[in-house]
Amino acid sequence: MASLHSQPTASIQVSKSLGEEAASFTSISPIRLVLTAIGVLFSCLVVPFWISHTLLWPRINYIEKEYHKLVPLTWDILRGSSDILNFLKTSNLFHRRAPLLATWFNYKCYFVQGTANIRTTFQNKSLSTFFFQGIFTHRVFLLPKEDLALFWIEEDADSSHQPTKHGAQEVRNDFGARGTQHIENLLAGEGTKRFNPRFDEHLATNVASLDSPDDGWEEYPDLKTVLDIAINRSFIDTLCGPRLLSVNPTFLEDWRCVHDNITLIFLGVPRFLFPRLIGARDRCLHAIQEWTEWATSNFHPDSIAEDGSDPYWGHEFFRERTAMYIEVDKFSFKSIAAHNLGLLWGGTANPTPAAFWAVWEICRDPELLRLVREEATDCLLPSSRDALKFDMEKLLRKPVLQAVFAETLRLRVHGIIPRKTPQEGVNVRGSIIPKHTLFFINSTTQHMDPNVWCTGTAKDHPPEEFWPGRFLLEEKTSKGNFVYSISGKSGAWVPFGGGSHMCPGRFLARRIITGCMAHFVTRYDCEFLSEKAASGTLGMSLKTFGLGTLHPSEKVPFRIKVRDIWNNNV
Ligand code: HEM
């Protein structure tokens with residue numbers, strides 16, 4: 001009963017207090033009213049404006065002293081996101097002398113642009129990329145988080161030029177400098193003597209495996225897939241021996257899936273949305289880890305052959321690299337597998353689409369095809385039906401092949417090259433980028449600059465046209481003879497980055513792509529079976545934008561027929 005009584009009392013009190021509020025509202029003072037209105041206005045207009053301004057309108061200013069202009073980027077970003085390549089090529093933002101500063105909340109990053117600025121910047125030896133390699137290997141190849149700490153130590157050392165960063169007793173942990181030196185030895189030093197001939201042989205055999213059984217026309221659904229498989233198989237068999245691929249028959253297919261969608265993996269797409277992709281990445285990692293553990297436990301030094309190879313590791317490269325990584329504190333086989341798969345990605349992700357573009361351009365231009373065949377045939381050694389053999393050193397010096405290689409990378413490589421400034425910041429010809437700050441160099445603007453690429457004999461060839469003549473100079477003494485030349489293009493042709501972190505695989509890349517062009521066009525006549533590929537209107541996919549060579553936007557079905565080269569004393 002008591003509770004029944006208390007309820008009406010409470011409701012009377014409530015209505016009373018509401019009545020008081022209503023009374024006080026009607027008697028509100030004008031000042032309070034104005035203040036309330038300002039508050040409402042502020043929350044309705046200013047806050048959303050501030051949020052949209054900060055979130056959606058990243059700001060850009062040039063850090064040049066005499067020119068300091070804020071440009072709201074909304075329009076440019078809308079335009080840019082719909083056609084990023086054209087945006088980077090044409091937007092005024094990227095054609096000024098001073099570096100750009102992009103601000104988003106408190107986050108700042110810089111873009112260094114202009115040929116002279118880029119040249120100067122690359123000369124600076126204190127710039128590091130270890131942060132990017134660490135994060136990339138962590139996100140894409142699942143390098144354990146705790147191992148990232150070692151990357152940060154490497155990064156500090158990289159920018160301060162200390163010979164060892166972990167203390168004199170711990171040189172073993174200095175995997176950054178030791179790894180780089182080891183890679184350079186494989187790709188540009190002594191290691192090439194044992195890598196190159198074997199790679200050349202594998203590539204010749206893998207290209208020849210496309211022959212039709214009856215010597216007639218053989219159709220294939222996609223040129224890039226076919227070249228991917230030939231190059232990836234050659235690279236992996238040479239570097240890892242035959243076991244990796246024979247025990248893991250789906251590896252090449254999985255690896256191509258990872259290549260094509262690497263940006264999605266980097267962005268961290270969830271497994272439930274992309275089960276095929278994440279599964280492919282996991283299988284590749286598992287295969288590498290299993291092979292690394294198997295080779296480590298079965299290898300015996302007595303099994304090393306005269307040429308440095310052995311039946312477990314194949315080439316000496318991963319044998320030595322794994323031994324070096326096992327010494328690093330905390331590195332498990334999972335870490336080593338992440339590092340090793342990252343290296344395989346570096347070696348195959350860019351050359352494969354580049355080889356596709358080069359072969360496609362040659363096969364659709366009869367005059368270029370004639371010139372390339374002439375050069376390649378001049379380098380042909382006595383060959384067997386199963387595989388052609390070229391004098392590779394001579395082939396790599398041929399002017400048209402070199403020009404096709406350089407022009408293919410100019411047109412198809414669209415990289416965003418990252419760097420981090422050291423303790424003292426960086427002076428880019430008068431503009432200061434502060435300490436420990438990220439900045440980027442984009443290759444697209446450089447590769448598409450008409451002031452560099454459309455002058456002299458190239459004046460009638462717009463930057464988006466494939467025209468190898470940009471890299472050929474007519475010899476003064478003998479008219480009609482051309483030499484390859486890239487002089488005057490430093491800072492403008494940057495497919496391999498530059499400075500102390502310039503791609504160490506650039507010589508091998510040239511070998512892979514040139515070898516692929518020579519083998520394919522010497523061995524086969526080729527016809528494209530899709531309208532776009534045949535008419536030269538094939539587009540580029542932006543799936544790998546920022547990471548290097550772009551892929552074609554669609555499959556390119558084709559047919560090939562073995563040429564009658566065997567009756568010409570080959
Ligand atoms: C068309 C082929 C290739 C292109 C376009 C390419 C492009 C690049 C670029 C832009 C960089 C960053 C350079 C910089 O930061 O200044 C790089 C780094 C690297 N590339 Fe390549 N690359 C190619 C082929 C290769 C090959 C065949 C290998 C062999 C394994 C390789 C191994 C590496 C490695 C290990 C690095 C890291 C170097 C460092 O940070 O010190 N690349 N590549």
# chains A, B, ... in the order shown; residues from 1 in each chain; ligands from 1
call {"tool": "residues_around", "arguments": {"residues": "range 465-474 of chain A", "least_positions_apart": "5", "cutoff": "10 Å", "atoms": "only C-alpha atoms", "output": "ChimeraX atom specification"}}
result
/A:358,361,368,399-408,410-412,448,452-460,479-487,489
call {"tool": "residues_near_ligand", "arguments": {"ligand": "ligand 1", "cutoff": "8 Å", "atoms": "only C-alpha atoms and all ligand atoms", "output": "PyMOL selection string"}}
result
chain A and resi 122+129-130+133+180+183+187+343-352+354+409+413+415-419+494-510+512-513+547-549
call {"tool": "select_by_dssp", "arguments": {"residues": "range 68-296 of chain A", "states": "alpha helix (DSSP H)", "output": "ChimeraX atom specification"}}
result
/A:74-82,84-90,115-123,130-141,148-160,175-188,191-208,223-240,243-247,251-260,262-267,275-296
call {"tool": "atom_distance", "arguments": {"atom1": "CA of Glu554 in chain A", "atom2": "CA of Ala355 in chain A"}}
result
15.8 Å
call {"tool": "closest_atom_pairs", "arguments": {"of": "range 117-219 of chain A", "to": "range 298-316 of chain A", "cutoff": "9 Å", "atoms": "only C-alpha atoms", "output": "CSV"}}
result
residue,atom,partner,partner_atom,distance
A:Gly191,CA,A:Glu316,CA,8.5
A:Arg194,CA,A:Asp307,CA,6.7
A:Phe195,CA,A:His315,CA,7.4
call {"tool": "write_last_selection", "arguments": {"atoms": "N, CA and C atoms", "output": "PDB file, in the first residue's frame"}}
result
ATOM      1  N   GLY A 191      78.087 -14.064 -57.122  1.00  0.00           N
ATOM      2  CA  GLY A 191      76.969 -15.011 -57.178  1.00  0.00           C
ATOM      3  C   GLY A 191      76.343 -15.115 -58.559  1.00  0.00           C
ATOM      4  N   ARG A 194      77.168 -18.078 -60.891  1.00  0.00           N
ATOM      5  CA  ARG A 194      76.528 -19.374 -60.694  1.00  0.00           C
ATOM      6  C   ARG A 194      75.017 -19.292 -60.887  1.00  0.00           C
ATOM      7  N   PHE A 195      74.467 -18.083 -60.806  1.00  0.00           N
ATOM      8  CA  PHE A 195      73.020 -17.946 -60.979  1.00  0.00           C
ATOM      9  C   PHE A 195      72.650 -17.816 -62.466  1.00  0.00           C
TER      10      PHE A 195
END
call {"tool": "closest_residue", "arguments": {"among": "A:Gly279, A:Lys108, A:Ala387, A:Ala518", "to": "Glu374 in chain A", "atoms": "only C-alpha atoms"}}
result
A:Ala518
call {"tool": "closest_residue", "arguments": {"among": "A:Phe131, A:Tyr220, A:Phe317, A:Phe251", "to": "Leu529 in chain A", "atoms": "only C-alpha atoms"}}
result
A:Tyr220
call {"tool": "residues_around", "arguments": {"residues": "Asn261 in chain A", "least_positions_apart": "6", "cutoff": "12 Å", "atoms": "only C-alpha atoms", "output": "list in words"}}
result
Val140, Asp254, Trp255, Leu267, Gly268, Val269, Phe274, Arg276, Leu277, Ile278, Ala280, Arg281, Ala349, Ser541, Leu542, Lys543, Thr544, Phe545, Leu547, Leu550 and His551 of chain A
call {"tool": "select_by_dssp", "arguments": {"residues": "range 289-396 of chain A", "states": "strand (DSSP E)", "output": "PyMOL selection string"}}
result
chain A and resi 380-384+387-390
call {"tool": "write_last_selection", "arguments": {"atoms": "N, CA and C atoms", "output": "CSV table (one decimal), in the first residue's frame"}}
result
chain,number,residue,atom,x,y,z
A,380,LEU,N,72.4,-15.6,-81.4
A,380,LEU,CA,72.1,-17.0,-81.2
A,380,LEU,C,73.3,-17.9,-81.3
A,381,LEU,N,73.4,-18.9,-80.3
A,381,LEU,CA,74.5,-19.8,-80.4
A,381,LEU,C,73.9,-21.1,-80.9
A,382,PRO,N,74.7,-22.1,-81.3
A,382,PRO,CA,74.2,-23.4,-81.7
A,382,PRO,C,73.2,-23.9,-80.7
A,383,SER,N,72.0,-24.2,-81.1
A,383,SER,CA,70.9,-24.5,-80.2
A,383,SER,C,70.3,-25.9,-80.5
A,384,SER,N,69.6,-26.4,-79.5
A,384,SER,CA,68.9,-27.6,-79.8
A,384,SER,C,67.4,-27.3,-80.0
A,387,ALA,N,65.7,-26.2,-76.7
A,387,ALA,CA,65.9,-24.8,-76.1
A,387,ALA,C,66.9,-24.0,-77.0
A,388,LEU,N,66.6,-22.7,-77.1
A,388,LEU,CA,67.5,-21.9,-77.8
A,388,LEU,C,68.6,-21.4,-76.8
A,389,LYS,N,69.7,-21.0,-77.4
A,389,LYS,CA,70.8,-20.5,-76.6
A,389,LYS,C,71.3,-19.2,-77.1
A,390,PHE,N,71.4,-18.2,-76.3
A,390,PHE,CA,71.9,-16.9,-76.8
A,390,PHE,C,73.3,-16.6,-76.1
